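Some notes on the structure that comes next.
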Amino acid sequence: MSKAFIAQVLQESASLTGIAANRAAGDLMGAIVKELKKNGKFTLPSFGTFTVRKTKARKGLNPRTGEAIKVKAGKTVRFKASPTLKKSV
């Protein structure tokens, strides 16, 4: 799924212009990111939950050279599908 796909669905369902639908899709994604930064969690009922999780620093390998490298600690976003979504798919 892409921003263009979301904009197209918004355009068709709400009878918006392409520019307005594209802006609405961007605003929607921006609001989701803002909520994840603020609360670390975002839930879409009947769809699923996005959560921010911290990752620890660890050792990794460069796949080309096999050389050991250090991977810094960071954050990642996880998604857990709701039971309703699992049943419908």
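Within each chain, counting starts at residue 1; across the structure tokens, chains are named A, B, ... in the order shown, with ligands numbered 1 upward in that order.
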
Requested in this report: Find the residues near Ser88 (chain A): any atom within 12 Å, counting only C-alpha atoms, skip ones fewer than 5 places away on the same chain, and give them as a ChimeraX atom specification.
Outcome: /A:46-47,81-83

Export of the given selection (N, CA and C atoms) as a CSV table (one decimal), in the first residue's frame:
```
chain,number,residue,atom,x,y,z
A,46,SER,N,-10.6,-2.6,14.7
A,46,SER,CA,-10.9,-3.6,13.7
A,46,SER,C,-9.8,-3.8,12.7
A,47,PHE,N,-8.7,-3.2,12.9
A,47,PHE,CA,-7.5,-3.3,12.0
A,47,PHE,C,-6.3,-3.8,12.7
A,81,ALA,N,-1.9,-7.4,14.2
A,81,ALA,CA,-3.3,-7.4,13.5
A,81,ALA,C,-4.3,-7.7,14.6
A,82,SER,N,-5.5,-7.1,14.4
A,82,SER,CA,-6.6,-7.4,15.3
A,82,SER,C,-7.3,-8.7,14.9
A,83,PRO,N,-8.0,-9.4,15.8
A,83,PRO,CA,-8.7,-10.6,15.5
A,83,PRO,C,-9.7,-10.5,14.3
```

I need the strand (DSSP E or B) residues of chain A per DSSP on the backbone, written as a JSON list (two decimals) with N, CA and C atoms, in the first residue's frame.
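To be explicit, this is the file written out as out37.json:
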```
[["chain", "number", "residue", "atom", "x", "y", "z"],
["A", 41, "LYS", "N", 2.12, 4.47, 20.62],
["A", 41, "LYS", "CA", 1.12, 3.47, 20.26],
["A", 41, "LYS", "C", 0.02, 4.12, 19.44],
["A", 42, "PHE", "N", -0.48, 3.39, 18.44],
["A", 42, "PHE", "CA", -1.59, 3.88, 17.63],
["A", 42, "PHE", "C", -2.47, 2.69, 17.26],
["A", 43, "THR", "N", -3.76, 2.79, 17.57],
["A", 43, "THR", "CA", -4.68, 1.69, 17.31],
["A", 43, "THR", "C", -5.75, 2.10, 16.32],
["A", 44, "LEU", "N", -5.96, 1.28, 15.31],
["A", 44, "LEU", "CA", -7.07, 1.41, 14.39],
["A", 44, "LEU", "C", -8.04, 0.27, 14.71],
["A", 48, "GLY", "N", -5.81, -3.06, 13.67],
["A", 48, "GLY", "CA", -4.63, -3.48, 14.41],
["A", 48, "GLY", "C", -4.00, -2.34, 15.18],
["A", 49, "THR", "N", -2.86, -2.66, 15.80],
["A", 49, "THR", "CA", -2.16, -1.71, 16.65],
["A", 49, "THR", "C", -0.72, -1.58, 16.21],
["A", 50, "PHE", "N", -0.26, -0.35, 16.08],
["A", 50, "PHE", "CA", 1.14, -0.04, 15.82],
["A", 50, "PHE", "C", 1.78, 0.37, 17.14],
["A", 51, "THR", "N", 2.94, -0.18, 17.48],
["A", 51, "THR", "CA", 3.64, 0.19, 18.70],
["A", 51, "THR", "C", 5.10, 0.47, 18.39],
["A", 52, "VAL", "N", 5.68, 1.39, 19.15],
["A", 52, "VAL", "CA", 7.10, 1.71, 19.02],
["A", 52, "VAL", "C", 7.85, 0.91, 20.07],
["A", 53, "ARG", "N", 8.88, 0.21, 19.63],
["A", 53, "ARG", "CA", 9.70, -0.58, 20.55],
["A", 53, "ARG", "C", 11.15, -0.17, 20.41],
["A", 54, "LYS", "N", 11.85, -0.20, 21.53],
["A", 54, "LYS", "CA", 13.28, 0.11, 21.53],
["A", 54, "LYS", "C", 14.07, -1.15, 21.20],
["A", 55, "THR", "N", 15.14, -0.98, 20.43],
["A", 55, "THR", "CA", 16.03, -2.09, 20.13],
["A", 55, "THR", "C", 17.36, -1.84, 20.83],
["A", 58, "ARG", "N", 23.70, -3.99, 19.34],
["A", 58, "ARG", "CA", 24.11, -5.38, 19.15],
["A", 58, "ARG", "C", 25.24, -5.44, 18.12],
["A", 59, "LYS", "N", 25.81, -6.62, 18.00],
["A", 59, "LYS", "CA", 26.84, -6.85, 16.99],
["A", 59, "LYS", "C", 26.18, -7.45, 15.76],
["A", 60, "GLY", "N", 26.66, -7.06, 14.60],
["A", 60, "GLY", "CA", 26.14, -7.60, 13.35],
["A", 60, "GLY", "C", 27.29, -7.94, 12.42],
["A", 61, "LEU", "N", 26.95, -8.45, 11.27],
["A", 61, "LEU", "CA", 27.96, -8.80, 10.27],
["A", 61, "LEU", "C", 27.66, -8.08, 8.96],
["A", 68, "ALA", "N", 32.69, -7.94, 11.34],
["A", 68, "ALA", "CA", 31.81, -7.63, 12.47],
["A", 68, "ALA", "C", 31.63, -6.11, 12.58],
["A", 69, "ILE", "N", 30.39, -5.67, 12.79],
["A", 69, "ILE", "CA", 30.11, -4.25, 12.95],
["A", 69, "ILE", "C", 29.20, -4.07, 14.17],
["A", 70, "LYS", "N", 29.18, -2.85, 14.69],
["A", 70, "LYS", "CA", 28.31, -2.52, 15.81],
["A", 70, "LYS", "C", 27.05, -1.85, 15.27],
["A", 71, "VAL", "N", 25.89, -2.33, 15.71],
["A", 71, "VAL", "CA", 24.61, -1.74, 15.34],
["A", 71, "VAL", "C", 24.12, -0.96, 16.56],
["A", 74, "GLY", "N", 18.22, 1.66, 18.87],
["A", 74, "GLY", "CA", 17.29, 2.52, 18.14],
["A", 74, "GLY", "C", 15.86, 2.17, 18.46],
["A", 75, "LYS", "N", 14.98, 2.55, 17.57],
["A", 75, "LYS", "CA", 13.55, 2.28, 17.73],
["A", 75, "LYS", "C", 13.03, 1.66, 16.45],
["A", 76, "THR", "N", 11.98, 0.86, 16.58],
["A", 76, "THR", "CA", 11.32, 0.26, 15.44],
["A", 76, "THR", "C", 9.81, 0.25, 15.69],
["A", 77, "VAL", "N", 9.05, 0.15, 14.64],
["A", 77, "VAL", "CA", 7.59, 0.11, 14.77],
["A", 77, "VAL", "C", 7.13, -1.31, 14.49],
["A", 78, "ARG", "N", 6.30, -1.82, 15.39],
["A", 78, "ARG", "CA", 5.74, -3.16, 15.25],
["A", 78, "ARG", "C", 4.24, -3.04, 14.99],
["A", 79, "PHE", "N", 3.68, -4.01, 14.29],
["A", 79, "PHE", "CA", 2.25, -4.03, 14.02],
["A", 79, "PHE", "C", 1.67, -5.36, 14.47],
["A", 80, "LYS", "N", 0.55, -5.30, 15.18],
["A", 80, "LYS", "CA", -0.17, -6.51, 15.57],
["A", 80, "LYS", "C", -1.58, -6.41, 15.01],
["A", 81, "ALA", "N", -1.94, -7.36, 14.18],
["A", 81, "ALA", "CA", -3.26, -7.36, 13.54],
["A", 81, "ALA", "C", -4.34, -7.72, 14.56]]
```

Query - Surrounding residues of Ala21 (chain A) excluding itself and chain neighbours under 4 positions, 8 Å, only C-alpha atoms, as a PyMOL selection string - result: chain A and resi 7-8+10-11+16-17+25

For the residues in that selection, give me N, CA and C atoms as a compact mmCIF listing (two decimals), in the first residue's frame.
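The new file out.txt reads:
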```
# COMPACT_ATOMS: atom_id res chain seq x y z
N ALA A 7 -4.56 7.93 -1.33
CA ALA A 7 -5.13 9.14 -1.94
C ALA A 7 -6.20 8.77 -2.97
N GLN A 8 -5.97 7.73 -3.73
CA GLN A 8 -6.94 7.30 -4.74
C GLN A 8 -8.23 6.82 -4.08
N LEU A 10 -9.36 7.71 -1.10
CA LEU A 10 -10.01 8.90 -0.54
C LEU A 10 -10.70 9.70 -1.64
N GLN A 11 -10.04 9.83 -2.77
CA GLN A 11 -10.60 10.59 -3.89
C GLN A 11 -11.90 9.97 -4.38
N LEU A 16 -13.29 13.76 -3.79
CA LEU A 16 -12.32 14.85 -3.66
C LEU A 16 -11.53 15.01 -4.95
N THR A 17 -10.91 16.17 -5.11
CA THR A 17 -9.98 16.34 -6.22
C THR A 17 -8.71 15.57 -5.89
N ALA A 25 -4.27 12.31 2.43
CA ALA A 25 -3.48 11.11 2.68
C ALA A 25 -2.19 11.46 3.42
```

Query raised in the report: Quick one: distance from CA of Ser13 (chain A) to CA of Met29 (chain A) in Å, one decimal?
Result: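 Computing the Euclidean distance for CA of Ser13 (chain A) and CA of Met29 (chain A) yields 17.8 Å.
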
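Between CA of Glu35 (chain A) and CA of Ile19 (chain A) the interatomic distance comes to 24.3 Å.
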
Report task. Go through region 1-73 of chain A and collect every residue that DSSP, computed from the backbone, puts in helix (DSSP H, G or I); the answer should be as a PyMOL selection string. Result -> chain A and resi 3-14+18-39

Kindly save the residues from that selection, with C-alpha atoms included, as a PDB file, in the first residue's frame.
```
ATOM      1  CA  LYS A   3       0.358   7.037  -0.252  1.00  0.00           C
ATOM      2  CA  ALA A   4      -0.924   7.208  -3.841  1.00  0.00           C
ATOM      3  CA  PHE A   5      -3.220   4.240  -3.202  1.00  0.00           C
ATOM      4  CA  ILE A   6      -4.643   5.868  -0.054  1.00  0.00           C
ATOM      5  CA  ALA A   7      -5.127   9.138  -1.941  1.00  0.00           C
ATOM      6  CA  GLN A   8      -6.944   7.304  -4.741  1.00  0.00           C
ATOM      7  CA  VAL A   9      -9.307   5.574  -2.293  1.00  0.00           C
ATOM      8  CA  LEU A  10     -10.014   8.898  -0.544  1.00  0.00           C
ATOM      9  CA  GLN A  11     -10.597  10.594  -3.887  1.00  0.00           C
ATOM     10  CA  GLU A  12     -13.103   7.982  -5.019  1.00  0.00           C
ATOM     11  CA  SER A  13     -14.967   7.562  -1.731  1.00  0.00           C
ATOM     12  CA  ALA A  14     -15.221  11.242  -0.772  1.00  0.00           C
ATOM     13  CA  GLY A  18      -6.653  14.591  -6.683  1.00  0.00           C
ATOM     14  CA  ILE A  19      -4.771  17.384  -4.925  1.00  0.00           C
ATOM     15  CA  ALA A  20      -7.133  17.391  -1.921  1.00  0.00           C
ATOM     16  CA  ALA A  21      -7.022  13.590  -1.659  1.00  0.00           C
ATOM     17  CA  ASN A  22      -3.207  13.605  -1.802  1.00  0.00           C
ATOM     18  CA  ARG A  23      -3.067  16.271   0.917  1.00  0.00           C
ATOM     19  CA  ALA A  24      -5.539  14.296   3.067  1.00  0.00           C
ATOM     20  CA  ALA A  25      -3.477  11.106   2.683  1.00  0.00           C
ATOM     21  CA  GLY A  26      -0.329  12.981   3.702  1.00  0.00           C
ATOM     22  CA  ASP A  27      -2.106  14.532   6.680  1.00  0.00           C
ATOM     23  CA  LEU A  28      -3.383  11.114   7.748  1.00  0.00           C
ATOM     24  CA  MET A  29       0.070   9.560   7.668  1.00  0.00           C
ATOM     25  CA  GLY A  30       1.525  12.598   9.437  1.00  0.00           C
ATOM     26  CA  ALA A  31      -1.071  12.297  12.205  1.00  0.00           C
ATOM     27  CA  ILE A  32      -0.240   8.606  12.683  1.00  0.00           C
ATOM     28  CA  VAL A  33       3.492   9.367  12.931  1.00  0.00           C
ATOM     29  CA  LYS A  34       2.817  12.228  15.369  1.00  0.00           C
ATOM     30  CA  GLU A  35       0.711   9.930  17.573  1.00  0.00           C
ATOM     31  CA  LEU A  36       3.426   7.238  17.527  1.00  0.00           C
ATOM     32  CA  LYS A  37       6.034   9.806  18.587  1.00  0.00           C
ATOM     33  CA  LYS A  38       3.803  11.192  21.334  1.00  0.00           C
ATOM     34  CA  ASN A  39       2.317   8.029  22.862  1.00  0.00           C
TER      35      ASN A  39
END
```

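Distance-wise, CA of Lys72 (chain A) and CA of Lys56 (chain A) end up 7.3 Å apart.
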